[in-house]
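Shown next: structure.cif, given as mmCIF, C-alpha atoms.
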data_entry
#
loop_
_atom_site.group_PDB
_atom_site.id
_atom_site.type_symbol
_atom_site.label_atom_id
_atom_site.label_comp_id
_atom_site.auth_asym_id
_atom_site.auth_seq_id
_atom_site.Cartn_x
_atom_site.Cartn_y
_atom_site.Cartn_z
ATOM 1 C CA MET A 170 146.014 34.310 34.008
ATOM 2 C CA LYS A 171 146.401 35.009 30.313
ATOM 3 C CA LYS A 172 145.174 38.365 29.018
ATOM 4 C CA LYS A 173 142.233 36.879 27.122
ATOM 5 C CA TYR A 174 140.861 35.493 30.419
ATOM 6 C CA ARG A 175 140.773 38.921 32.107
ATOM 7 C CA ILE A 176 138.258 41.744 32.097
ATOM 8 C CA LYS A 177 140.148 45.034 32.158
ATOM 9 C CA LYS A 178 138.078 47.695 30.398
ATOM 10 C CA ASN A 179 135.577 49.813 32.314
ATOM 11 C CA GLU A 180 132.906 49.250 29.626
ATOM 12 C CA GLU A 181 133.220 45.473 30.074
ATOM 13 C CA PHE A 182 132.868 45.806 33.854
ATOM 14 C CA GLN A 183 129.805 48.050 33.426
ATOM 15 C CA GLU A 184 128.186 45.589 31.019
ATOM 16 C CA VAL A 185 128.592 42.735 33.531
ATOM 17 C CA PHE A 186 127.206 44.933 36.346
ATOM 18 C CA GLN A 187 124.178 46.061 34.326
ATOM 19 C CA ARG A 188 123.253 42.902 32.393
ATOM 20 C CA GLY A 189 124.583 40.199 34.725
ATOM 21 C CA THR A 190 123.195 38.552 37.828
ATOM 22 C CA SER A 191 124.820 38.772 41.242
ATOM 23 C CA MET A 192 125.365 36.428 44.147
ATOM 24 C CA ALA A 193 127.024 37.252 47.450
ATOM 25 C CA ASN A 194 128.238 35.962 50.784
ATOM 26 C CA ARG A 195 129.970 37.883 53.582
ATOM 27 C CA GLN A 196 133.350 37.990 51.832
ATOM 28 C CA PHE A 197 132.549 38.316 48.108
ATOM 29 C CA VAL A 198 130.013 39.624 45.614
ATOM 30 C CA ILE A 199 130.139 37.905 42.219
ATOM 31 C CA TYR A 200 128.458 39.257 39.103
ATOM 32 C CA ILE A 201 127.944 36.712 36.313
ATOM 33 C CA LEU A 202 127.118 37.480 32.681
ATOM 34 C CA ASP A 203 126.357 34.749 30.126
ATOM 35 C CA ARG A 204 128.472 34.814 26.970
ATOM 36 C CA PRO A 205 127.510 31.643 25.037
ATOM 37 C CA GLU A 206 129.730 32.542 22.055
ATOM 38 C CA GLN A 207 132.821 32.575 24.309
ATOM 39 C CA PRO A 208 134.552 29.163 24.742
ATOM 40 C CA TYR A 209 136.220 30.192 28.035
ATOM 41 C CA PHE A 210 135.407 32.254 31.108
ATOM 42 C CA ARG A 211 136.878 35.663 31.951
ATOM 43 C CA ILE A 212 137.301 37.251 35.363
ATOM 44 C CA GLY A 213 137.497 40.832 36.526
ATOM 45 C CA LEU A 214 138.582 41.770 40.041
ATOM 46 C CA SER A 215 137.552 44.720 42.145
ATOM 47 C CA VAL A 216 139.313 45.291 45.472
ATOM 48 C CA SER A 217 138.522 48.615 47.142
ATOM 49 C CA LYS A 218 141.065 50.860 48.845
ATOM 50 C CA LYS A 219 138.968 50.425 51.990
ATOM 51 C CA LEU A 220 140.437 46.919 52.312
ATOM 52 C CA GLY A 221 143.978 48.163 52.845
ATOM 53 C CA LYS A 222 147.074 49.496 51.166
ATOM 54 C CA ALA A 223 148.382 48.242 47.809
ATOM 55 C CA VAL A 224 150.232 45.276 49.337
ATOM 56 C CA VAL A 225 147.044 43.922 50.929
ATOM 57 C CA ARG A 226 144.908 44.566 47.827
ATOM 58 C CA ASN A 227 147.415 42.882 45.530
ATOM 59 C CA ARG A 228 147.624 39.853 47.838
ATOM 60 C CA ILE A 229 143.829 39.505 47.764
ATOM 61 C CA LYS A 230 143.829 39.700 43.942
ATOM 62 C CA ARG A 231 146.612 37.080 43.744
ATOM 63 C CA TYR A 232 144.622 34.744 45.993
ATOM 64 C CA ILE A 233 141.451 35.141 43.902
ATOM 65 C CA ARG A 234 143.327 34.584 40.614
ATOM 66 C CA GLN A 235 145.013 31.485 42.032
ATOM 67 C CA CYS A 236 141.645 30.098 43.181
ATOM 68 C CA PHE A 237 140.168 30.526 39.708
ATOM 69 C CA LEU A 238 143.290 28.947 38.179
ATOM 70 C CA GLU A 239 143.038 25.898 40.464
ATOM 71 C CA MET A 240 139.293 25.527 39.857
ATOM 72 C CA LYS A 241 139.244 26.285 36.119
ATOM 73 C CA GLU A 242 138.069 22.755 35.239
ATOM 74 C CA GLU A 243 135.032 23.057 37.540
ATOM 75 C CA ILE A 244 133.977 26.613 36.600
ATOM 76 C CA MET A 245 131.490 26.857 33.733
ATOM 77 C CA PRO A 246 132.945 28.415 30.569
ATOM 78 C CA GLY A 247 131.107 30.936 28.415
ATOM 79 C CA LYS A 248 130.634 33.455 31.211
ATOM 80 C CA ASP A 249 132.174 36.666 32.501
ATOM 81 C CA TYR A 250 132.733 36.884 36.266
ATOM 82 C CA VAL A 251 133.390 40.072 38.219
ATOM 83 C CA VAL A 252 134.544 39.385 41.777
ATOM 84 C CA ILE A 253 134.237 42.154 44.359
ATOM 85 C CA ALA A 254 136.084 41.558 47.629
ATOM 86 C CA ARG A 255 134.515 42.757 50.880
ATOM 87 C CA LEU A 256 136.221 43.867 54.093
ATOM 88 C CA PRO A 257 136.613 40.476 55.897
ATOM 89 C CA VAL A 258 138.839 39.186 53.041
ATOM 90 C CA ALA A 259 141.715 41.437 54.181
ATOM 91 C CA GLU A 260 142.362 39.190 57.227
ATOM 92 C CA MET A 261 141.891 35.835 55.475
ATOM 93 C CA ASP A 262 144.562 33.421 54.284
ATOM 94 C CA PHE A 263 144.525 31.642 50.913
ATOM 95 C CA PHE A 264 142.576 28.577 52.054
ATOM 96 C CA GLU A 265 139.842 30.674 53.673
ATOM 97 C CA VAL A 266 139.568 32.782 50.510
ATOM 98 C CA LYS A 267 139.301 29.651 48.367
ATOM 99 C CA LYS A 268 136.654 28.107 50.631
ATOM 100 C CA SER A 269 134.603 31.308 50.554
ATOM 101 C CA LEU A 270 134.897 31.611 46.747
ATOM 102 C CA ILE A 271 133.821 27.984 46.291
ATOM 103 C CA HIS A 272 130.828 28.702 48.556
ATOM 104 C CA VAL A 273 129.660 31.744 46.576
ATOM 105 C CA LEU A 274 130.276 30.060 43.180
ATOM 106 C CA ARG A 275 128.333 26.979 44.283
ATOM 107 C CA LYS A 276 125.550 29.249 45.547
ATOM 108 C CA ALA A 277 125.472 30.919 42.103
ATOM 109 C CA GLY A 278 125.287 27.485 40.463
ATOM 110 C CA VAL A 279 128.312 27.894 38.193
ATOM 111 C CA LEU A 280 130.485 25.057 39.505
ATOM 112 C CA LYS A 281 130.311 21.825 37.538
ATOM 113 C CA LYS A 282 129.697 18.652 39.480
ATOM 114 C CA ARG A 283 132.850 16.630 40.082
ATOM 115 C CA GLU A 284 132.993 13.089 38.737
ATOM 116 C CA LYS A 285 133.955 10.519 41.339
#
Would you encode the structure as structure tokens?
Amino acid sequence: MKKKYRIKKNEEFQEVFQRGTSMANRQFVIYILDRPEQPYFRIGLSVSKKLGKAVVRNRIKRYIRQCFLEMKEEIMPGKDYVVIARLPVAEMDFFEVKKSLIHVLRKAGVLKKREK
């Protein structure tokens, strides 16, 4: 992920939390904030220390980033996304994480329809 596609500053996270809408399933909570002037989407990740040590948390963040990278054509641009991982994610492999992320993004209505 390039730097311009990431949310890093605390103020940016707080803005998404306060002004955005949220959607959740058992594994993830996603906050979404509209930014119509922005031609791309940005993501911020939050993985609590409750999920495990640094190795586990970094693996979870890698999985989430890779999912967004693989799905970047289907995800609506012009939005900020903050993804919060919940406890069950610590035991999941990449494909389970991707399936769960697709589920919560579809539930939030931010995945474009695929052309067949």
When you look at segment 174-179 of chain A with a cut-off of 9 Å (counting all atoms listed in the file), what residues show up, excluding the ones that are within fewer than 3 positions of it in the same chain? I need them as an mmCIF file with C-alpha atoms, in the frame of the given file.
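File written: around_39.cif
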data_model
loop_
_atom_site.group_PDB
_atom_site.id
_atom_site.type_symbol
_atom_site.label_atom_id
_atom_site.label_comp_id
_atom_site.auth_asym_id
_atom_site.auth_seq_id
_atom_site.Cartn_x
_atom_site.Cartn_y
_atom_site.Cartn_z
ATOM 1 C CA MET A 170 146.014 34.310 34.008
ATOM 2 C CA LYS A 171 146.401 35.009 30.313
ATOM 3 C CA PHE A 182 132.868 45.806 33.854
ATOM 4 C CA GLN A 183 129.805 48.050 33.426
ATOM 5 C CA GLU A 184 128.186 45.589 31.019
ATOM 6 C CA TYR A 209 136.220 30.192 28.035
ATOM 7 C CA PHE A 210 135.407 32.254 31.108
ATOM 8 C CA ARG A 211 136.878 35.663 31.951
ATOM 9 C CA ILE A 212 137.301 37.251 35.363
ATOM 10 C CA GLY A 213 137.497 40.832 36.526
ATOM 11 C CA LEU A 214 138.582 41.770 40.041
ATOM 12 C CA ASP A 249 132.174 36.666 32.501
ATOM 13 C CA TYR A 250 132.733 36.884 36.266
ATOM 14 C CA VAL A 251 133.390 40.072 38.219
#
Quick one: everything within 9 Å of segment 228-230 of chain A, counting only C-alpha atoms, minus sequence neighbours fewer than 3 positions away in the same chain. Send it as JSON, numbers by chain. {"A": [214, 215, 216, 223, 224, 225, 233, 234, 235, 254, 258, 259, 261, 262, 263, 266]}
Written selection (C-alpha atoms) as an mmCIF file, in the coordinates of the input:
data_model
loop_
_atom_site.group_PDB
_atom_site.id
_atom_site.type_symbol
_atom_site.label_atom_id
_atom_site.label_comp_id
_atom_site.auth_asym_id
_atom_site.auth_seq_id
_atom_site.Cartn_x
_atom_site.Cartn_y
_atom_site.Cartn_z
ATOM 1 C CA LEU A 214 138.582 41.770 40.041
ATOM 2 C CA SER A 215 137.552 44.720 42.145
ATOM 3 C CA VAL A 216 139.313 45.291 45.472
ATOM 4 C CA ALA A 223 148.382 48.242 47.809
ATOM 5 C CA VAL A 224 150.232 45.276 49.337
ATOM 6 C CA VAL A 225 147.044 43.922 50.929
ATOM 7 C CA ILE A 233 141.451 35.141 43.902
ATOM 8 C CA ARG A 234 143.327 34.584 40.614
ATOM 9 C CA GLN A 235 145.013 31.485 42.032
ATOM 10 C CA ALA A 254 136.084 41.558 47.629
ATOM 11 C CA VAL A 258 138.839 39.186 53.041
ATOM 12 C CA ALA A 259 141.715 41.437 54.181
ATOM 13 C CA MET A 261 141.891 35.835 55.475
ATOM 14 C CA ASP A 262 144.562 33.421 54.284
ATOM 15 C CA PHE A 263 144.525 31.642 50.913
ATOM 16 C CA VAL A 266 139.568 32.782 50.510
#
Nearest to Ile271 of chain A, chosen from A:Pro257, A:Arg204, A:Ser217, A:Lys241, with only C-alpha atoms counted in the distances: A:Lys241
Please, which residues are within 7 Å of (129.2, 35.6, 46.3) by the file's coordinates, counting all atoms listed in the file, and could they come as a list of chain:residue names? A:Met192, A:Ala193, A:Asn194, A:Phe197, A:Val198, A:Ile199, A:Leu270, A:Val273, A:Leu274
Please identify all polymer residues within 12 Å of Pro208 of chain A, counting all atoms listed in the file, omitting same-chain residues fewer than 5 positions from it, and present them as a list of chain:residue names.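 After dropping sequence-adjacent residues, the list is A:Lys173, A:Tyr174, A:Asp203, A:Met245, A:Pro246, A:Gly247, A:Lys248, A:Asp249.
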Could you please determine the separation between atom CA of Arg188 of chain A and atom CA of His272 of chain A in Å, to one decimal place?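 Atom CA of Arg188 of chain A sits 22.8 Å away from atom CA of His272 of chain A.
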What is the atom CA of Lys281 of chain A-atom CA of Met240 of chain A distance in Å, reported with one decimal?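 Straight-line distance from atom CA of Lys281 of chain A to atom CA of Met240 of chain A works out to 10.0 Å.
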Separation of atom CA of Glu260 of chain A from atom CA of Gly189 of chain A in Å: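 Between atom CA of Gly189 of chain A and atom CA of Glu260 of chain A the gap is 28.7 Å.
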Can you put N, CA and C atoms back into segment 178-208 of chain A and show it as an mmCIF file, in the frame of the given file?
data_model
loop_
_atom_site.group_PDB
_atom_site.id
_atom_site.type_symbol
_atom_site.label_atom_id
_atom_site.label_comp_id
_atom_site.auth_asym_id
_atom_site.auth_seq_id
_atom_site.Cartn_x
_atom_site.Cartn_y
_atom_site.Cartn_z
ATOM 1 N N LYS A 178 138.670 46.431 30.810
ATOM 2 C CA LYS A 178 138.078 47.695 30.398
ATOM 3 C C LYS A 178 136.850 48.044 31.230
ATOM 4 N N ASN A 179 136.706 49.330 31.524
ATOM 5 C CA ASN A 179 135.577 49.813 32.314
ATOM 6 C C ASN A 179 134.240 49.456 31.660
ATOM 7 N N GLU A 180 134.167 49.561 30.322
ATOM 8 C CA GLU A 180 132.906 49.250 29.626
ATOM 9 C C GLU A 180 132.510 47.787 29.846
ATOM 10 N N GLU A 181 133.510 46.893 29.856
ATOM 11 C CA GLU A 181 133.220 45.473 30.074
ATOM 12 C C GLU A 181 132.712 45.235 31.493
ATOM 13 N N PHE A 182 133.328 45.904 32.468
ATOM 14 C CA PHE A 182 132.868 45.806 33.854
ATOM 15 C C PHE A 182 131.423 46.300 33.957
ATOM 16 N N GLN A 183 131.148 47.462 33.354
ATOM 17 C CA GLN A 183 129.805 48.050 33.426
ATOM 18 C C GLN A 183 128.759 47.148 32.795
ATOM 19 N N GLU A 184 129.116 46.497 31.683
ATOM 20 C CA GLU A 184 128.186 45.589 31.019
ATOM 21 C C GLU A 184 127.827 44.414 31.935
ATOM 22 N N VAL A 185 128.840 43.850 32.605
ATOM 23 C CA VAL A 185 128.592 42.735 33.531
ATOM 24 C C VAL A 185 127.723 43.205 34.695
ATOM 25 N N PHE A 186 128.000 44.402 35.228
ATOM 26 C CA PHE A 186 127.206 44.933 36.346
ATOM 27 C C PHE A 186 125.749 45.149 35.935
ATOM 28 N N GLN A 187 125.533 45.696 34.732
ATOM 29 C CA GLN A 187 124.178 46.061 34.326
ATOM 30 C C GLN A 187 123.364 44.888 33.792
ATOM 31 N N ARG A 188 123.996 43.989 33.028
ATOM 32 C CA ARG A 188 123.253 42.902 32.393
ATOM 33 C C ARG A 188 123.374 41.571 33.120
ATOM 34 N N GLY A 189 124.338 41.470 34.038
ATOM 35 C CA GLY A 189 124.583 40.199 34.725
ATOM 36 C C GLY A 189 123.737 40.026 35.973
ATOM 37 N N THR A 190 123.867 38.831 36.558
ATOM 38 C CA THR A 190 123.195 38.552 37.828
ATOM 39 C C THR A 190 124.262 38.522 38.924
ATOM 40 N N SER A 191 123.833 38.754 40.161
ATOM 41 C CA SER A 191 124.820 38.772 41.242
ATOM 42 C C SER A 191 124.466 37.773 42.329
ATOM 43 N N MET A 192 125.502 37.349 43.016
ATOM 44 C CA MET A 192 125.365 36.428 44.147
ATOM 45 C C MET A 192 126.413 36.873 45.170
ATOM 46 N N ALA A 193 126.084 36.755 46.444
ATOM 47 C CA ALA A 193 127.024 37.252 47.450
ATOM 48 C C ALA A 193 127.029 36.392 48.701
ATOM 49 N N ASN A 194 128.153 36.447 49.410
ATOM 50 C CA ASN A 194 128.238 35.962 50.784
ATOM 51 C C ASN A 194 128.933 37.072 51.575
ATOM 52 N N ARG A 195 129.387 36.804 52.774
ATOM 53 C CA ARG A 195 129.970 37.883 53.582
ATOM 54 C C ARG A 195 131.279 38.430 53.009
ATOM 55 N N GLN A 196 132.028 37.581 52.290
ATOM 56 C CA GLN A 196 133.350 37.990 51.832
ATOM 57 C C GLN A 196 133.388 38.489 50.380
ATOM 58 N N PHE A 197 132.483 37.989 49.533
ATOM 59 C CA PHE A 197 132.549 38.316 48.108
ATOM 60 C C PHE A 197 131.176 38.618 47.521
ATOM 61 N N VAL A 198 131.172 39.455 46.486
ATOM 62 C CA VAL A 198 130.013 39.624 45.614
ATOM 63 C C VAL A 198 130.508 39.201 44.233
ATOM 64 N N ILE A 199 129.748 38.338 43.557
ATOM 65 C CA ILE A 199 130.139 37.905 42.219
ATOM 66 C C ILE A 199 129.022 38.246 41.248
ATOM 67 N N TYR A 200 129.388 38.970 40.194
ATOM 68 C CA TYR A 200 128.458 39.257 39.103
ATOM 69 C C TYR A 200 128.787 38.297 37.971
ATOM 70 N N ILE A 201 127.747 37.710 37.366
ATOM 71 C CA ILE A 201 127.944 36.712 36.313
ATOM 72 C C ILE A 201 127.127 37.112 35.098
ATOM 73 N N LEU A 202 127.796 37.156 33.936
ATOM 74 C CA LEU A 202 127.118 37.480 32.681
ATOM 75 C C LEU A 202 127.347 36.349 31.693
ATOM 76 N N ASP A 203 126.261 35.824 31.130
ATOM 77 C CA ASP A 203 126.357 34.749 30.126
ATOM 78 C C ASP A 203 126.949 35.272 28.830
ATOM 79 N N ARG A 204 127.905 34.529 28.284
ATOM 80 C CA ARG A 204 128.472 34.814 26.970
ATOM 81 C C ARG A 204 128.604 33.484 26.235
ATOM 82 N N PRO A 205 127.487 32.978 25.656
ATOM 83 C CA PRO A 205 127.510 31.643 25.037
ATOM 84 C C PRO A 205 128.485 31.504 23.870
ATOM 85 N N GLU A 206 128.806 32.619 23.199
ATOM 86 C CA GLU A 206 129.730 32.542 22.055
ATOM 87 C C GLU A 206 131.188 32.421 22.480
ATOM 88 N N GLN A 207 131.460 32.578 23.773
ATOM 89 C CA GLN A 207 132.821 32.575 24.309
ATOM 90 C C GLN A 207 133.162 31.182 24.838
ATOM 91 N N PRO A 208 134.235 30.542 24.320
ATOM 92 C CA PRO A 208 134.552 29.163 24.742
ATOM 93 C C PRO A 208 135.241 29.063 26.109
#
